Amino acid sequence: MDKITLISVIILVISLGIYTYYTVITFAPVQGYIGDEVWYPTAAYNILKLVFHVQPPMYFSYPNEQGIQTYINPEHPPLGKYFMAIFILLLGYQPIAWRIPSWIMGDLTVIVAFLLARKLIGNDLWGNVAGLVSAALIMLSPNIWVIHGIALLDIYVGFFSLLAVYLLLSDNRLLWASIALGLAFASKESAFPLLLPFLYYVGEIKKSPLQRAVYGIGIPVATYAVLSIPIMIYFGGLTGWMHNSFLHMLGWDVTNGHIALSAVTQISPPWDWFFDVHPFYLGYNFYASTNPILMWLWVATTPIAFILKDTKLITLTMSAWVMWLAFVAVYFLGNHTLFSFYVTDFAPLVNTYIPASIFKALKRIDVKNVIKHDK
């Protein structure tokens with residue numbers, strides 16, 4: 001390991017240690033359900049109880065929601081709830097158990113952002129600085145900060161989406177990239193649009209239509225399906241799962257009802273995320289705020305990828321854009337109850353792309369100046 005890389009890794013480790021410390025002291029003391037934690041940890045516990053027939057001790061009571069004791073959250077894929085269930089199984093049903101996996105996902109997101117930015121720029125001074133800036137933007141993102149601290153599904157899809165793109169752009173890890181994409185699918189359906197940029201890039205490195213279909217569609221879908229098998233069995237098989245979970249999920253996504261339409265201060269359509277309009281209030285003085293500066297920097301820097309004709313940068317920024325555009329489509333299909341914390345689904349991609357594109361452009365300019373000087 002050269003000196004630049006070693007120093008960068010040391011800075012990353014120290015920063016991540018501080019980030020983790022503040023995560024724990026901020027969110028561990030809250031002994032109550034924060035925001036939509038009323039749904040997902042309870043679903044995780046009920047999956048253990050009703051699907052796997054294991055009932056860990058309950059050190060915390062169910063929230064006061066109708067039908068909550070048998071609710072397994074069929075509106076969303078199961079992977080995030082599986083992670084929560086593992087820690088509930090180990091530690092019992094209590095807030096710290098269902099939040100720990102989110103904290104882990106948050107830390108891993110920082111690490112992958114560093115690695116991805118460095119991969120795109122190169123393992124030199126430019127690349128390591130870009131990696132550290134990407135990691136810093138992840139840690140300083142107000143949306144990612146609050147969502148990674150609590151037990152919602154969005155940090156899972158944010159992490160696995162970033163991981164899938166990182167492995168994809170590593171070229172020689174296509175199988176693992178396809179599996180990671182399937183894990184993103186199994187975290188939350190907001191990752192489904194990633195299929196488009198994924199297929200685009202696979203088409204750049206695999207000319208065989210069969211290989212494109214296998215890596216771009218077959219393996220991710222199979223991964224999602226395998227992880228859904230316990231839920232399929234619970235609903236009596238494939239047909240029952242399709243009706244009660246998968247199709248129900250798609251219908252749920254395009255209809256109002258996630259919150260009362262009268263709760264206008266909680267609702268923000270996708271274009272409002274660029275201005276931090278109506279950040280979702282999660283309780284306990286936590287808000288899922290967005291960062292308008294970074295959102296608009298994303299807009300401003302997206303042309304860089306096309307100007308440089310850099311396929312990897314194009315794939316990275318378009319991965320985030322297709323996820324945002326999917327939320328726009330959902331809005332126009334009828335779901336007018338969207339929330340600011342959905343930004344976490346694609347914010348890791350955005351916060352990695354911005355410094356990667358800027359440093360790639362600066363490096364390109366610097367190299368050209370060196371060549372001119374040598375001449």
# chains A, B, ... in the order shown; residues from 1 in each chain; ligands from 1
$ residues_around --residues "A:Ala186" --least-positions-apart "6" --cutoff "6 Å" --atoms "only C-alpha atoms" --output "number ranges by chain"
A: 77, 79, 224
$ select_by_dssp --residues "stretch 61-307 of chain A" --states "helix (DSSP H, G or I)" --output "PyMOL selection string"
chain A and resi 68-70+79-91+95-121+125-140+142-148+154-169+174-185+189-205+209-234+238-253+270-274+292-307
$ atom_distance --atom1 "atom CA of A:Gly106" --atom2 "atom CA of A:Tyr71"
26.4 Å
$ closest_residue --among "A:Tyr19, A:Phe274, A:Phe198, A:Tyr331" --to "A:Ile138" --atoms "only C-alpha atoms"
A:Tyr19
$ closest_atom_pairs --of "stretch 302-353 of chain A" --to "stretch 111-118 of chain A" --cutoff "9 Å" --atoms "only C-alpha atoms" --output "CSV"
residue,atom,partner,partner_atom,distance
A:Pro348,CA,A:Ala113,CA,7.1
A:Leu349,CA,A:Ala113,CA,8.0
A:Asn351,CA,A:Ala113,CA,8.0
A:Thr352,CA,A:Ala113,CA,5.6
A:Tyr353,CA,A:Ala117,CA,7.4
$ write_last_selection --atoms "C-alpha atoms" --output "PDB file, in the first residue's frame"
ATOM      1  CA  PRO A 348     -25.415   7.539  -2.013  1.00  0.00           C
ATOM      2  CA  LEU A 349     -25.184   7.384  -5.818  1.00  0.00           C
ATOM      3  CA  ASN A 351     -23.040  11.938  -3.336  1.00  0.00           C
ATOM      4  CA  THR A 352     -20.485   9.649  -4.944  1.00  0.00           C
ATOM      5  CA  TYR A 353     -21.056  10.912  -8.475  1.00  0.00           C
TER       6      TYR A 353
END
$ residues_around --residues "A:Tyr200" --least-positions-apart "5" --cutoff "10 Å" --atoms "only C-alpha atoms" --output "VMD selection string"
chain A and resid 195 205 212 216 311 315
$ atom_distance --atom1 "atom CA of A:Phe60" --atom2 "atom CA of A:Tyr93"
6.0 Å
$ atom_distance --atom1 "atom CA of A:His248" --atom2 "atom CA of A:Phe185"
15.9 Å
$ closest_residue --among "A:Tyr234, A:Ala130, A:Lys3, A:Val165" --to "A:Leu48" --atoms "only C-alpha atoms"
A:Tyr234
$ closest_residue --among "A:Arg364, A:His278, A:His243, A:Lys312" --to "A:Ser340" --atoms "only C-alpha atoms"
A:His278
$ residues_around --residues "A:Ile4" --least-positions-apart "3" --cutoff "7 Å" --atoms "only C-alpha atoms" --output "PDB file with N, CA and C atoms, in the first residue's frame"
ATOM      1  N   ILE A   7      -2.548   6.900   3.979  1.00  0.00           N
ATOM      2  CA  ILE A   7      -3.056   8.100   4.661  1.00  0.00           C
ATOM      3  C   ILE A   7      -4.560   8.238   4.452  1.00  0.00           C
ATOM      4  N   SER A   8      -5.020   7.968   3.233  1.00  0.00           N
ATOM      5  CA  SER A   8      -6.452   8.073   2.919  1.00  0.00           C
ATOM      6  C   SER A   8      -7.265   7.080   3.736  1.00  0.00           C
ATOM      7  N   LEU A 125      -3.488  10.354  -6.062  1.00  0.00           N
ATOM      8  CA  LEU A 125      -3.911  11.449  -5.193  1.00  0.00           C
ATOM      9  C   LEU A 125      -5.314  11.921  -5.555  1.00  0.00           C
TER      10      LEU A 125
END
$ select_by_dssp --residues "stretch 104-298 of chain A" --states "strand (DSSP E)" --output "PyMOL selection string"
chain A and resi 280-283+286-288
$ closest_residue --among "A:Ala136, A:Leu168, A:Leu261, A:Ala97" --to "A:Ile18" --atoms "only C-alpha atoms"
A:Ala136
$ residues_around --residues "A:Leu194" --least-positions-apart "2" --cutoff "10 Å" --atoms "only C-alpha atoms" --output "PyMOL selection string"
chain A and resi 161+164-165+181+184-185+190-192+196-199+216+315+318-323+326
$ write_last_selection --atoms "N, CA and C atoms" --output "CSV table (one decimal), in the first residue's frame"
chain,number,residue,atom,x,y,z
A,161,SER,N,-27.9,-0.6,-3.7
A,161,SER,CA,-27.8,0.0,-5.0
A,161,SER,C,-26.4,0.6,-5.3
A,164,ALA,N,-24.1,-2.4,-5.9
A,164,ALA,CA,-24.3,-3.0,-7.2
A,164,ALA,C,-23.6,-2.2,-8.3
A,165,VAL,N,-23.7,-0.9,-8.2
A,165,VAL,CA,-23.1,-0.1,-9.2
A,165,VAL,C,-21.6,-0.1,-9.1
A,181,LEU,N,-27.5,-6.4,-7.2
A,181,LEU,CA,-28.7,-5.7,-7.7
A,181,LEU,C,-29.9,-6.4,-7.2
A,184,ALA,N,-30.6,-5.3,-3.8
A,184,ALA,CA,-31.3,-4.0,-3.8
A,184,ALA,C,-32.7,-4.2,-4.1
A,185,PHE,N,-33.1,-5.0,-5.1
A,185,PHE,CA,-34.5,-5.3,-5.4
A,185,PHE,C,-35.2,-5.9,-4.2
A,190,SER,N,-38.1,0.5,-5.0
A,190,SER,CA,-37.5,1.7,-5.6
A,190,SER,C,-36.2,1.4,-6.3
A,191,ALA,N,-35.6,0.2,-6.1
A,191,ALA,CA,-34.4,-0.1,-6.8
A,191,ALA,C,-34.7,-0.7,-8.2
A,192,PHE,N,-35.9,-1.1,-8.4
A,192,PHE,CA,-36.3,-1.8,-9.7
A,192,PHE,C,-35.8,-1.0,-10.9
A,196,LEU,N,-32.4,-0.6,-15.8
A,196,LEU,CA,-32.1,0.1,-17.1
A,196,LEU,C,-30.7,0.5,-17.2
A,197,PRO,N,-30.1,1.2,-16.3
A,197,PRO,CA,-28.6,1.5,-16.5
A,197,PRO,C,-27.8,0.3,-16.3
A,198,PHE,N,-28.2,-0.7,-15.5
A,198,PHE,CA,-27.5,-1.9,-15.4
A,198,PHE,C,-27.4,-2.6,-16.7
A,199,LEU,N,-28.5,-2.8,-17.4
A,199,LEU,CA,-28.5,-3.4,-18.7
A,199,LEU,C,-27.7,-2.6,-19.7
A,216,GLY,N,-28.1,-9.2,-16.5
A,216,GLY,CA,-28.8,-8.0,-16.3
A,216,GLY,C,-30.2,-8.2,-15.8
A,315,THR,N,-23.1,5.9,-16.4
A,315,THR,CA,-23.9,4.9,-15.7
A,315,THR,C,-24.2,5.2,-14.2
A,318,MET,N,-26.8,8.3,-14.2
A,318,MET,CA,-28.1,7.8,-14.7
A,318,MET,C,-28.8,6.8,-13.7
A,319,SER,N,-28.0,6.1,-13.0
A,319,SER,CA,-28.6,5.2,-12.0
A,319,SER,C,-29.4,6.0,-11.0
A,320,ALA,N,-28.8,7.1,-10.6
A,320,ALA,CA,-29.6,8.0,-9.6
A,320,ALA,C,-30.8,8.6,-10.3
A,321,TRP,N,-30.6,9.1,-11.5
A,321,TRP,CA,-31.7,9.8,-12.2
A,321,TRP,C,-32.8,8.9,-12.5
A,322,VAL,N,-32.6,7.6,-12.9
A,322,VAL,CA,-33.7,6.7,-13.2
A,322,VAL,C,-34.5,6.4,-11.9
A,323,MET,N,-33.9,6.4,-10.8
A,323,MET,CA,-34.6,6.2,-9.5
A,323,MET,C,-35.4,7.4,-9.2
A,326,ALA,N,-38.4,7.5,-11.5
A,326,ALA,CA,-39.4,6.5,-11.1
A,326,ALA,C,-40.4,7.1,-10.1
$ closest_residue --among "A:Ile267, A:Ala347, A:Val277, A:Met84" --to "A:Glu37" --atoms "only C-alpha atoms"
A:Met84
$ closest_residue --among "A:Val330, A:Val254, A:Ile11, A:Leu140" --to "A:Asn128" --atoms "only C-alpha atoms"
A:Ile11
$ residues_around --residues "A:Asn172" --least-positions-apart "5" --cutoff "12 Å" --atoms "only C-alpha atoms" --output "JSON, numbers by chain"
{"A": [166, 167, 177, 178, 202, 205, 206]}
$ write_last_selection --atoms "N, CA and C atoms" --output "compact mmCIF listing (two decimals), in the first residue's frame"
# COMPACT_ATOMS: atom_id res chain seq x y z
N TYR A 166 -21.07 -0.14 -7.86
CA TYR A 166 -19.63 -0.26 -7.64
C TYR A 166 -19.10 -1.56 -8.25
N LEU A 167 -19.75 -2.67 -7.97
CA LEU A 167 -19.31 -3.95 -8.51
C LEU A 167 -19.47 -4.01 -10.03
N ALA A 177 -22.05 -8.22 -8.99
CA ALA A 177 -22.86 -7.03 -9.24
C ALA A 177 -24.32 -7.41 -9.47
N SER A 178 -24.55 -8.48 -10.22
CA SER A 178 -25.91 -8.95 -10.48
C SER A 178 -26.59 -9.41 -9.20
N VAL A 202 -24.02 -3.43 -18.89
CA VAL A 202 -23.73 -4.83 -19.23
C VAL A 202 -23.60 -4.97 -20.75
N ILE A 205 -20.12 -4.28 -22.04
CA ILE A 205 -19.02 -5.22 -21.78
C ILE A 205 -19.35 -6.65 -22.20
N LYS A 206 -20.63 -6.93 -22.45
CA LYS A 206 -21.04 -8.26 -22.91
C LYS A 206 -21.87 -8.09 -24.18
$ decode --residues "stretch 119-187 of chain A" --atoms "C-alpha atoms" --output "mmCIF file, in the first residue's frame"
data_model
loop_
_atom_site.group_PDB
_atom_site.id
_atom_site.type_symbol
_atom_site.label_atom_id
_atom_site.label_comp_id
_atom_site.auth_asym_id
_atom_site.auth_seq_id
_atom_site.Cartn_x
_atom_site.Cartn_y
_atom_site.Cartn_z
ATOM 1 C CA LYS A 119 -12.196 3.224 -8.700
ATOM 2 C CA LEU A 120 -13.559 5.797 -11.155
ATOM 3 C CA ILE A 121 -10.624 8.213 -10.816
ATOM 4 C CA GLY A 122 -7.707 5.898 -10.108
ATOM 5 C CA ASN A 123 -5.691 4.910 -7.045
ATOM 6 C CA ASP A 124 -3.665 8.125 -7.012
ATOM 7 C CA LEU A 125 -3.911 11.449 -5.193
ATOM 8 C CA TRP A 126 -6.901 12.532 -7.299
ATOM 9 C CA GLY A 127 -8.741 9.285 -6.716
ATOM 10 C CA ASN A 128 -8.112 9.075 -2.986
ATOM 11 C CA VAL A 129 -9.171 12.683 -2.411
ATOM 12 C CA ALA A 130 -12.305 12.084 -4.497
ATOM 13 C CA GLY A 131 -13.005 8.990 -2.398
ATOM 14 C CA LEU A 132 -12.633 10.895 0.863
ATOM 15 C CA VAL A 133 -14.877 13.714 -0.394
ATOM 16 C CA SER A 134 -17.513 11.148 -1.429
ATOM 17 C CA ALA A 135 -17.334 9.505 1.993
ATOM 18 C CA ALA A 136 -17.628 12.923 3.664
ATOM 19 C CA LEU A 137 -20.688 13.836 1.597
ATOM 20 C CA ILE A 138 -22.350 10.574 2.643
ATOM 21 C CA MET A 139 -21.597 11.234 6.311
ATOM 22 C CA LEU A 140 -22.739 14.867 6.112
ATOM 23 C CA SER A 141 -25.936 14.139 4.180
ATOM 24 C CA PRO A 142 -28.828 15.083 6.503
ATOM 25 C CA ASN A 143 -31.163 12.599 4.811
ATOM 26 C CA ILE A 144 -28.804 9.642 4.990
ATOM 27 C CA TRP A 145 -27.819 10.596 8.545
ATOM 28 C CA VAL A 146 -31.289 10.350 10.015
ATOM 29 C CA ILE A 147 -32.461 7.393 7.923
ATOM 30 C CA HIS A 148 -29.346 5.319 8.603
ATOM 31 C CA GLY A 149 -29.890 5.901 12.301
ATOM 32 C CA ILE A 150 -33.325 4.288 12.435
ATOM 33 C CA ALA A 151 -35.031 1.135 11.196
ATOM 34 C CA LEU A 152 -36.441 2.074 7.800
ATOM 35 C CA LEU A 153 -35.874 0.220 4.521
ATOM 36 C CA ASP A 154 -34.335 3.093 2.576
ATOM 37 C CA ILE A 155 -30.792 2.740 3.921
ATOM 38 C CA TYR A 156 -30.793 -0.866 2.717
ATOM 39 C CA VAL A 157 -31.786 -0.005 -0.837
ATOM 40 C CA GLY A 158 -29.371 2.952 -0.769
ATOM 41 C CA PHE A 159 -26.471 0.713 0.243
ATOM 42 C CA PHE A 160 -27.177 -2.239 -2.031
ATOM 43 C CA SER A 161 -27.838 0.049 -5.008
ATOM 44 C CA LEU A 162 -24.463 1.726 -4.473
ATOM 45 C CA LEU A 163 -22.782 -1.661 -3.984
ATOM 46 C CA ALA A 164 -24.339 -3.028 -7.187
ATOM 47 C CA VAL A 165 -23.103 -0.051 -9.211
ATOM 48 C CA TYR A 166 -19.633 -0.264 -7.640
ATOM 49 C CA LEU A 167 -19.308 -3.952 -8.509
ATOM 50 C CA LEU A 168 -20.765 -3.362 -11.967
ATOM 51 C CA LEU A 169 -18.248 -0.641 -12.769
ATOM 52 C CA SER A 170 -15.440 -2.871 -11.486
ATOM 53 C CA ASP A 171 -16.015 -4.936 -14.687
ATOM 54 C CA ASN A 172 -14.543 -8.220 -13.464
ATOM 55 C CA ARG A 173 -17.188 -8.582 -10.738
ATOM 56 C CA LEU A 174 -20.259 -8.836 -12.907
ATOM 57 C CA LEU A 175 -21.700 -11.907 -11.186
ATOM 58 C CA TRP A 176 -21.437 -10.230 -7.786
ATOM 59 C CA ALA A 177 -22.865 -7.033 -9.243
ATOM 60 C CA SER A 178 -25.913 -8.948 -10.480
ATOM 61 C CA ILE A 179 -26.398 -10.538 -7.066
ATOM 62 C CA ALA A 180 -26.033 -7.139 -5.366
ATOM 63 C CA LEU A 181 -28.652 -5.711 -7.721
ATOM 64 C CA GLY A 182 -30.966 -8.531 -6.677
ATOM 65 C CA LEU A 183 -30.290 -7.625 -3.032
ATOM 66 C CA ALA A 184 -31.263 -4.029 -3.829
ATOM 67 C CA PHE A 185 -34.474 -5.307 -5.443
ATOM 68 C CA ALA A 186 -35.148 -7.392 -2.334
ATOM 69 C CA SER A 187 -34.642 -4.328 -0.106
#
